[in-house]
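Pasted below: final16.cif, mmCIF, C-alpha atoms (C1' of nucleotides).
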```
data_target
loop_
_atom_site.label_atom_id
_atom_site.label_comp_id
_atom_site.auth_asym_id
_atom_site.auth_seq_id
_atom_site.Cartn_x
_atom_site.Cartn_y
_atom_site.Cartn_z
CA MET A 17 37.25 -18.24 -55.70
CA LYS A 18 34.40 -18.66 -58.17
CA ARG A 19 32.33 -21.74 -57.59
CA ASP A 20 29.45 -23.26 -59.52
CA VAL A 21 26.39 -25.39 -58.83
CA PHE A 22 28.16 -28.59 -59.75
CA GLN A 23 30.69 -28.07 -57.02
CA ALA A 24 27.88 -27.23 -54.63
CA ILE A 25 26.16 -30.59 -55.15
CA ALA A 26 29.37 -32.61 -55.23
CA ASP A 27 29.42 -33.08 -51.46
CA PRO A 28 26.85 -35.49 -49.95
CA THR A 29 26.41 -33.36 -46.83
CA ARG A 30 25.60 -30.37 -49.00
CA ARG A 31 23.07 -32.37 -51.01
CA ALA A 32 21.47 -33.36 -47.71
CA ILE A 33 21.36 -29.72 -46.60
CA ILE A 34 19.76 -28.76 -49.91
CA ALA A 35 17.13 -31.47 -49.43
CA LEU A 36 16.49 -30.28 -45.87
CA ILE A 37 15.87 -26.64 -46.68
CA ALA A 38 14.13 -27.29 -49.99
CA LEU A 39 10.67 -27.16 -48.48
CA GLN A 40 11.17 -24.72 -45.62
CA ALA A 41 13.82 -22.24 -44.53
CA MET A 42 15.97 -23.31 -41.59
CA THR A 43 18.59 -21.86 -39.27
CA PRO A 44 22.17 -23.23 -39.21
CA ASN A 45 21.62 -24.66 -35.74
CA ALA A 46 18.46 -26.47 -36.78
CA ILE A 47 20.25 -27.85 -39.84
CA ALA A 48 23.29 -28.95 -37.83
CA GLU A 49 21.05 -31.00 -35.53
CA HIS A 50 20.41 -33.34 -38.46
CA PHE A 51 24.07 -34.18 -38.90
CA ASP A 52 26.93 -35.70 -36.97
CA THR A 53 29.27 -32.84 -37.72
CA SER A 54 29.71 -29.60 -35.81
CA ARG A 55 27.66 -26.45 -36.34
CA GLN A 56 30.73 -24.74 -37.78
CA ALA A 57 31.16 -27.42 -40.42
CA VAL A 58 27.54 -26.92 -41.48
CA SER A 59 28.12 -23.17 -41.48
CA LYS A 60 31.03 -23.66 -43.84
CA HIS A 61 28.88 -25.71 -46.19
CA LEU A 62 26.23 -23.01 -46.08
CA ARG A 63 28.82 -20.40 -46.99
CA ILE A 64 29.87 -22.45 -50.01
CA LEU A 65 26.24 -22.96 -51.00
CA ALA A 66 25.70 -19.21 -50.66
CA GLU A 67 28.76 -18.49 -52.81
CA CYS A 68 27.30 -20.74 -55.50
CA GLU A 69 23.99 -18.89 -55.06
CA VAL A 70 22.27 -22.19 -54.39
CA VAL A 71 21.08 -20.82 -51.09
CA ARG A 72 19.57 -17.55 -49.90
CA HIS A 73 19.63 -16.28 -46.33
CA GLU A 74 17.51 -13.86 -44.39
CA GLN A 75 18.24 -12.46 -40.97
CA GLN A 76 15.41 -12.53 -38.45
CA GLY A 77 16.52 -11.17 -35.11
CA ARG A 78 19.55 -13.15 -34.08
CA GLU A 79 18.59 -16.08 -36.27
CA ILE A 80 19.44 -16.49 -39.93
CA TYR A 81 17.08 -18.51 -42.09
CA TYR A 82 18.55 -20.34 -45.06
CA SER A 83 16.37 -21.37 -47.97
CA LEU A 84 16.91 -22.98 -51.36
CA GLU A 85 17.31 -20.89 -54.49
CA ILE A 86 15.37 -23.30 -56.65
CA ASP A 87 16.36 -21.58 -59.90
CA LYS A 88 19.92 -22.81 -59.44
CA MET A 89 18.62 -26.37 -59.56
CA LYS A 90 17.13 -25.50 -62.93
CA GLU A 91 20.65 -24.74 -64.13
CA ILE A 92 21.56 -28.39 -63.62
CA ASP A 93 18.40 -29.37 -65.45
CA GLU A 94 19.41 -27.19 -68.39
CA TRP A 95 22.86 -28.78 -68.48
CA LEU A 96 21.24 -32.22 -68.40
CA GLU A 97 19.02 -31.31 -71.34
CA GLN A 98 21.67 -32.21 -73.93
CA TYR A 99 21.97 -35.71 -72.45
CA ARG A 100 18.24 -36.10 -72.01
CA LYS A 101 17.99 -35.65 -75.76
CA ILE A 102 20.44 -38.49 -76.23
CA TRP A 103 18.74 -41.01 -73.98
CA GLU A 104 15.35 -40.11 -75.37
CA SER A 105 16.55 -40.64 -78.93
CA ARG A 106 18.08 -43.97 -77.89
CA PHE A 107 14.78 -44.92 -76.32
CA GLU A 108 13.05 -44.14 -79.59
CA GLN A 109 15.61 -46.22 -81.44
CA LEU A 110 14.89 -49.07 -79.06
CA ASP A 111 11.23 -48.49 -79.67
CA THR A 112 11.69 -48.72 -83.43
CA LEU A 113 13.80 -51.81 -82.99
CA LEU A 114 11.10 -53.46 -80.93
CA ALA A 115 8.50 -52.55 -83.52
CA GLU A 116 10.65 -54.06 -86.23
CA LEU A 117 11.14 -57.24 -84.26
CA LYS A 118 7.40 -57.50 -83.77
CA GLN A 119 6.82 -57.01 -87.46
CA GLN A 120 9.39 -59.69 -88.25
CA GLU A 121 7.72 -62.09 -85.87
CA LYS A 122 4.40 -61.46 -87.56
CA GLN A 123 5.84 -62.19 -90.98
CA GLU A 124 7.42 -65.37 -89.72
CA LYS A 125 4.02 -66.53 -88.54
CA ASN A 126 2.64 -65.97 -92.01
CA ILE A 127 5.12 -68.34 -93.61
CA MET B 290 37.63 -44.67 -52.52
CA LYS B 291 33.96 -44.80 -53.49
CA ARG B 292 32.91 -42.05 -55.83
CA ASP B 293 29.54 -41.05 -57.28
CA VAL B 294 28.20 -39.26 -60.35
CA PHE B 295 28.04 -35.94 -58.56
CA GLN B 296 31.74 -35.98 -57.93
CA ALA B 297 32.30 -37.02 -61.53
CA ILE B 298 30.56 -33.93 -62.90
CA ALA B 299 32.03 -31.56 -60.31
CA ASP B 300 35.13 -30.88 -62.36
CA PRO B 301 34.73 -28.69 -65.49
CA THR B 302 37.31 -30.68 -67.47
CA ARG B 303 35.39 -33.86 -66.74
CA ARG B 304 32.13 -32.25 -67.86
CA ALA B 305 33.89 -31.26 -71.08
CA ILE B 306 35.13 -34.83 -71.56
CA ILE B 307 31.60 -36.13 -71.00
CA ALA B 308 30.28 -33.71 -73.62
CA LEU B 309 33.00 -34.76 -76.05
CA ILE B 310 32.39 -38.48 -75.88
CA ALA B 311 28.61 -38.21 -75.54
CA LEU B 312 27.99 -38.65 -79.23
CA GLN B 313 30.89 -40.85 -80.25
CA ALA B 314 33.50 -42.95 -78.50
CA MET B 315 37.01 -41.51 -78.40
CA THR B 316 40.54 -42.54 -77.44
CA PRO B 317 42.40 -40.79 -74.58
CA ASN B 318 44.81 -39.23 -77.06
CA ALA B 319 42.03 -37.83 -79.21
CA ILE B 320 40.33 -36.44 -76.11
CA ALA B 321 43.54 -34.90 -74.78
CA GLU B 322 44.01 -32.99 -78.02
CA HIS B 323 40.97 -30.91 -77.08
CA PHE B 324 42.56 -29.70 -73.86
CA ASP B 325 45.58 -27.79 -72.67
CA THR B 326 46.53 -30.45 -70.15
CA SER B 327 48.67 -33.54 -70.66
CA ARG B 328 47.43 -36.90 -71.86
CA GLN B 329 48.09 -38.33 -68.41
CA ALA B 330 45.88 -35.76 -66.76
CA VAL B 331 43.04 -36.69 -69.11
CA SER B 332 43.76 -40.34 -68.41
CA LYS B 333 43.34 -39.65 -64.69
CA HIS B 334 40.00 -37.98 -65.31
CA LEU B 335 38.92 -40.94 -67.41
CA ARG B 336 39.85 -43.27 -64.60
CA ILE B 337 37.70 -41.29 -62.17
CA LEU B 338 34.84 -41.26 -64.67
CA ALA B 339 35.22 -45.01 -65.08
CA GLU B 340 35.18 -45.50 -61.30
CA CYS B 341 31.92 -43.58 -61.15
CA GLU B 342 30.65 -45.73 -64.03
CA VAL B 343 29.93 -42.63 -66.04
CA VAL B 344 32.18 -43.94 -68.77
CA ARG B 345 32.69 -47.28 -70.48
CA HIS B 346 35.82 -48.37 -72.34
CA GLU B 347 36.52 -50.87 -75.02
CA GLN B 348 39.91 -51.98 -76.27
CA GLN B 349 40.45 -52.06 -80.02
CA GLY B 350 43.97 -53.08 -80.91
CA ARG B 351 46.27 -50.76 -79.06
CA GLU B 352 43.62 -48.08 -78.76
CA ILE B 353 41.00 -47.79 -76.06
CA TYR B 354 37.70 -46.18 -76.93
CA TYR B 355 35.85 -44.37 -74.16
CA SER B 356 32.14 -43.73 -74.42
CA LEU B 357 29.46 -42.25 -72.20
CA GLU B 358 27.30 -44.45 -70.01
CA ILE B 359 24.17 -42.39 -70.57
CA ASP B 360 22.19 -44.17 -67.85
CA LYS B 361 24.39 -42.53 -65.22
CA MET B 362 23.20 -39.16 -66.46
CA LYS B 363 19.69 -40.37 -65.80
CA GLU B 364 20.67 -40.83 -62.18
CA ILE B 365 21.23 -37.10 -61.91
CA ASP B 366 17.90 -36.55 -63.57
CA GLU B 367 16.22 -38.76 -61.00
CA TRP B 368 17.86 -36.85 -58.16
CA LEU B 369 16.71 -33.61 -59.72
CA GLU B 370 13.14 -34.89 -59.91
CA GLN B 371 12.32 -33.86 -56.32
CA TYR B 372 13.34 -30.28 -57.09
CA ARG B 373 11.62 -30.26 -60.44
CA LYS B 374 8.42 -30.96 -58.55
CA ILE B 375 9.06 -27.89 -56.42
CA TRP B 376 9.72 -25.45 -59.21
CA GLU B 377 6.81 -26.79 -61.21
CA SER B 378 4.44 -26.34 -58.28
CA ARG B 379 5.79 -22.82 -57.77
CA PHE B 380 5.21 -22.13 -61.44
CA GLU B 381 1.63 -23.27 -61.07
CA GLN B 382 1.23 -21.01 -58.05
CA LEU B 383 2.52 -18.11 -60.13
CA ASP B 384 0.10 -19.13 -62.84
CA THR B 385 -2.84 -19.03 -60.44
CA LEU B 386 -1.66 -15.70 -59.12
CA LEU B 387 -1.55 -14.25 -62.62
CA ALA B 388 -5.00 -15.57 -63.36
CA GLU B 389 -6.32 -13.96 -60.20
CA LEU B 390 -4.72 -10.65 -61.07
CA LYS B 391 -6.30 -10.78 -64.50
CA GLN B 392 -9.68 -11.52 -62.96
CA GLN B 393 -9.25 -8.60 -60.56
CA GLU B 394 -8.36 -6.27 -63.43
CA LYS B 395 -11.45 -7.35 -65.28
CA GLN B 396 -13.68 -6.59 -62.31
CA GLU B 397 -12.10 -3.17 -61.87
CA LYS B 398 -12.97 -2.33 -65.45
CA ASN B 399 -16.58 -3.17 -64.74
CA ILE B 400 -16.88 -0.57 -62.00
"C1'" DG C 118 63.59 -58.34 -83.94
"C1'" DA C 119 63.76 -53.25 -83.57
"C1'" DC C 120 61.31 -49.18 -83.21
"C1'" DA C 121 57.22 -46.27 -82.75
"C1'" DT C 122 52.76 -45.64 -80.75
"C1'" DA C 123 48.87 -45.84 -77.24
"C1'" DC C 124 48.13 -46.27 -72.94
"C1'" DG C 125 48.13 -47.10 -67.68
"C1'" DC C 126 50.51 -46.66 -63.31
"C1'" DA C 127 53.39 -44.78 -59.56
"C1'" DA C 128 55.69 -41.06 -57.39
"C1'" DC C 129 55.80 -36.52 -56.42
"C1'" DC C 130 53.96 -31.63 -55.54
"C1'" DG C 131 51.25 -27.43 -54.59
"C1'" DT C 132 46.38 -26.30 -53.71
"C1'" DT C 133 41.80 -27.20 -52.20
"C1'" DT C 134 38.58 -29.49 -49.21
"C1'" DG C 135 36.19 -30.73 -45.14
"C1'" DG C 136 36.72 -30.93 -40.67
"C1'" DT C 137 38.15 -29.12 -35.96
"C1'" DT C 138 38.87 -25.58 -32.07
"C1'" DG C 139 38.84 -20.98 -30.35
"C1'" DC C 140 37.19 -16.45 -30.53
"C1'" DA C 141 34.53 -12.18 -31.92
"C1'" DT C 142 30.03 -10.16 -32.75
"C1'" DA C 143 25.21 -9.28 -32.48
"C1'" DC C 144 20.72 -9.93 -30.74
"C1'" DT C 145 17.60 -11.26 -26.60
"C1'" DT C 146 16.23 -11.56 -22.05
"C1'" DG C 147 16.46 -10.98 -17.12
"C1'" DC D 135 24.03 -3.81 -18.06
"C1'" DA D 136 25.00 -8.80 -17.59
"C1'" DA D 137 24.20 -13.47 -19.13
"C1'" DG D 138 22.90 -16.47 -22.63
"C1'" DT D 139 22.14 -17.66 -27.38
"C1'" DA D 140 22.89 -17.65 -32.62
"C1'" DT D 141 26.07 -17.10 -35.72
"C1'" DG D 142 30.33 -15.96 -38.58
"C1'" DC D 143 35.33 -15.94 -39.04
"C1'" DA D 144 40.30 -17.22 -38.62
"C1'" DA D 145 43.77 -20.58 -37.78
"C1'" DC D 146 45.07 -25.01 -38.10
"C1'" DC D 147 45.30 -29.98 -39.95
"C1'" DA D 148 45.00 -34.36 -42.48
"C1'" DA D 149 43.27 -36.06 -46.68
"C1'" DA D 150 41.96 -35.58 -51.40
"C1'" DC D 151 42.51 -33.32 -55.89
"C1'" DG D 152 44.50 -32.09 -60.24
"C1'" DG D 153 48.46 -31.67 -62.31
"C1'" DT D 154 53.30 -33.13 -63.77
"C1'" DT D 155 57.27 -36.35 -64.94
"C1'" DG D 156 59.13 -40.86 -65.59
"C1'" DC D 157 58.56 -45.56 -66.60
"C1'" DG D 158 56.50 -50.12 -67.85
"C1'" DT D 159 53.74 -52.72 -71.12
"C1'" DA D 160 51.19 -54.12 -75.07
"C1'" DT D 161 50.09 -53.51 -79.87
"C1'" DG D 162 51.34 -52.30 -84.52
"C1'" DT D 163 54.81 -51.46 -88.31
"C1'" DC D 164 59.23 -51.71 -90.68
#
```

Any chance you could give the structure as structure tokens?
Amino acid sequence: MKRDVFQAIADPTRRAIIALIALQAMTPNAIAEHFDTSRQAVSKHLRILAECEVVRHEQQGREIYYSLEIDKMKEIDEWLEQYRKIWESRFEQLDTLLAELKQQEKQEKNI
Amino acid sequence: MKRDVFQAIADPTRRAIIALIALQAMTPNAIAEHFDTSRQAVSKHLRILAECEVVRHEQQGREIYYSLEIDKMKEIDEWLEQYRKIWESRFEQLDTLLAELKQQEKQEKNI
DNA sequence: GACATACGCAACCGTTTGGTTGCATACTTG
DNA sequence: CAAGTATGCAACCAAACGGTTGCGTATGTC
């Protein structure tokens, strides 16, 4: 069962988990306290996130600390790049359009 | 059944559809020709994409042209922003570290 | 008007998902 | 070593997903 980042971020609970551990590593129990679901449900989400390599874990005694693999987020950014190009070019087009309208207005004043 | 952009891009076929219609509007039939699945399956994906407002459609005679709602892609970009901040700050930290190492090396040469 | 084409919708089906409960395992502490 | 704590794993379940087939409907063409 090969999963990817896009499947990892598809679930709102998983996005919340990602946001939680983005700044500091946390244990499953600590994470589960932030949600209404059971610890096992959170554990399952963590397993999926680990499979997608969105999350890294490190054992410390009997606790396991989960932290975000920020590079995986970059993967989404790279995918978005192609669309960023589109909306930026459209913005430029809008910009040119506005400039043209301004120019037109100016000429109309000179009549 | 309320869906969001993240669910829209979770499926690889849907990402492919998005990529296809990003630059020019296309009909369901034309889109389906690019895939191994049936026209109806593509139609279902288009319906989901429309529900998420990732896609816009316009009737022209008996054909319906689907095009990308690029602003929805921006939504992903905005969500990513918080993580971009993290990896950029980490990059800066790495930058400082490298500068320090260089400085150290320089001093060692002066011994 | 008859026929072909483009499309959406509904019903159905096997698989995946997200959740639960129960249990096994490993570390910690008395 | 016994008790308690942190966690993963397996079994189960209802709902959603992604696909198919069949059919209805609207537009275009002869």

**Message:** List as a count of residues only the protein and nucleic acid residues near range 129-142 of chain C, meaning an atom at most 12 Å away when all atoms listed in the file are counted, but skip any in the same chain fewer than 4 places from it.
**Reply:** 36

**Residue list for chain C near chain B as an MDAnalysis selection string, 9 Å, all atoms listed in the file** = chainID C and resid 122:125

Contacts between chain A and chain B, please, where a residue of chain B counts if it comes within 10 Å (with all atoms listed in the file); show its shortest atom pair and distance in Å to one decimal, rows by chain and ascending number, as CSV.
```
residue,atom,partner,partner_atom,distance
B:Asp293,CA,A:Ala26,CA,8.7
B:Val294,CA,A:Ala26,CA,8.5
B:Phe295,CA,A:Ala26,CA,4.9
B:Gln296,CA,A:Ala26,CA,4.9
B:Ala297,CA,A:Ala26,CA,8.2
B:Ile298,CA,A:Phe22,CA,6.6
B:Ala299,CA,A:Phe22,CA,4.9
B:Asp300,CA,A:Gln23,CA,7.5
B:Pro301,CA,A:Phe22,CA,8.7
B:Arg304,CA,A:Phe22,CA,9.7
B:Ile307,CA,A:Tyr99,CA,9.7
B:Ala308,CA,A:Tyr99,CA,8.6
B:Ala311,CA,A:Tyr99,CA,7.7
B:Leu312,CA,A:Ile102,CA,8.1
B:Leu357,CA,A:Tyr99,CA,9.9
B:Ile359,CA,A:Trp103,CA,6.6
B:Asp360,CA,A:Trp103,CA,7.7
B:Met362,CA,A:Tyr99,CA,7.0
B:Lys363,CA,A:Arg100,CA,7.7
B:Ile365,CA,A:Leu96,CA,8.1
B:Asp366,CA,A:Leu96,CA,7.3
B:Trp368,CA,A:Arg31,CA,9.9
B:Leu369,CA,A:Asp93,CA,7.3
B:Glu370,CA,A:Asp93,CA,9.4
B:Gln371,CA,A:Ala35,CA,8.7
B:Tyr372,CA,A:Met89,CA,7.0
B:Arg373,CA,A:Lys90,CA,7.7
B:Ile375,CA,A:Ile86,CA,7.8
B:Trp376,CA,A:Ile86,CA,6.6
B:Arg379,CA,A:Ile86,CA,9.7
```

**Matched chain/residue IDs from the PyMOL selection byres ((chain B and resi 341-345) around 6), as number ranges by chain** = B: 292-294, 338-340, 346, 355-358, 361

**Message:** Can you spell out as a ChimeraX atom specification the set of residues that the PyMOL selection byres ((chain C and resi 145) around 10) selects in the structure I just provided?
**Reply:** /A:77-78 /C:143-144,146-147 /D:138-139

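The space between CA of His50 in chain A and CA of Ile37 in chain A spans 11.5 Å.
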
**Item:** Ground truth for the PyMOL selection byres ((chain C and resi 120) around 9), written as a PyMOL selection string
**Value:** (chain C and resi 119+121) or (chain D and resi 163-164)

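As for CA of Lys118 in chain A and CA of Ser105 in chain A, they are spaced 19.8 Å apart.
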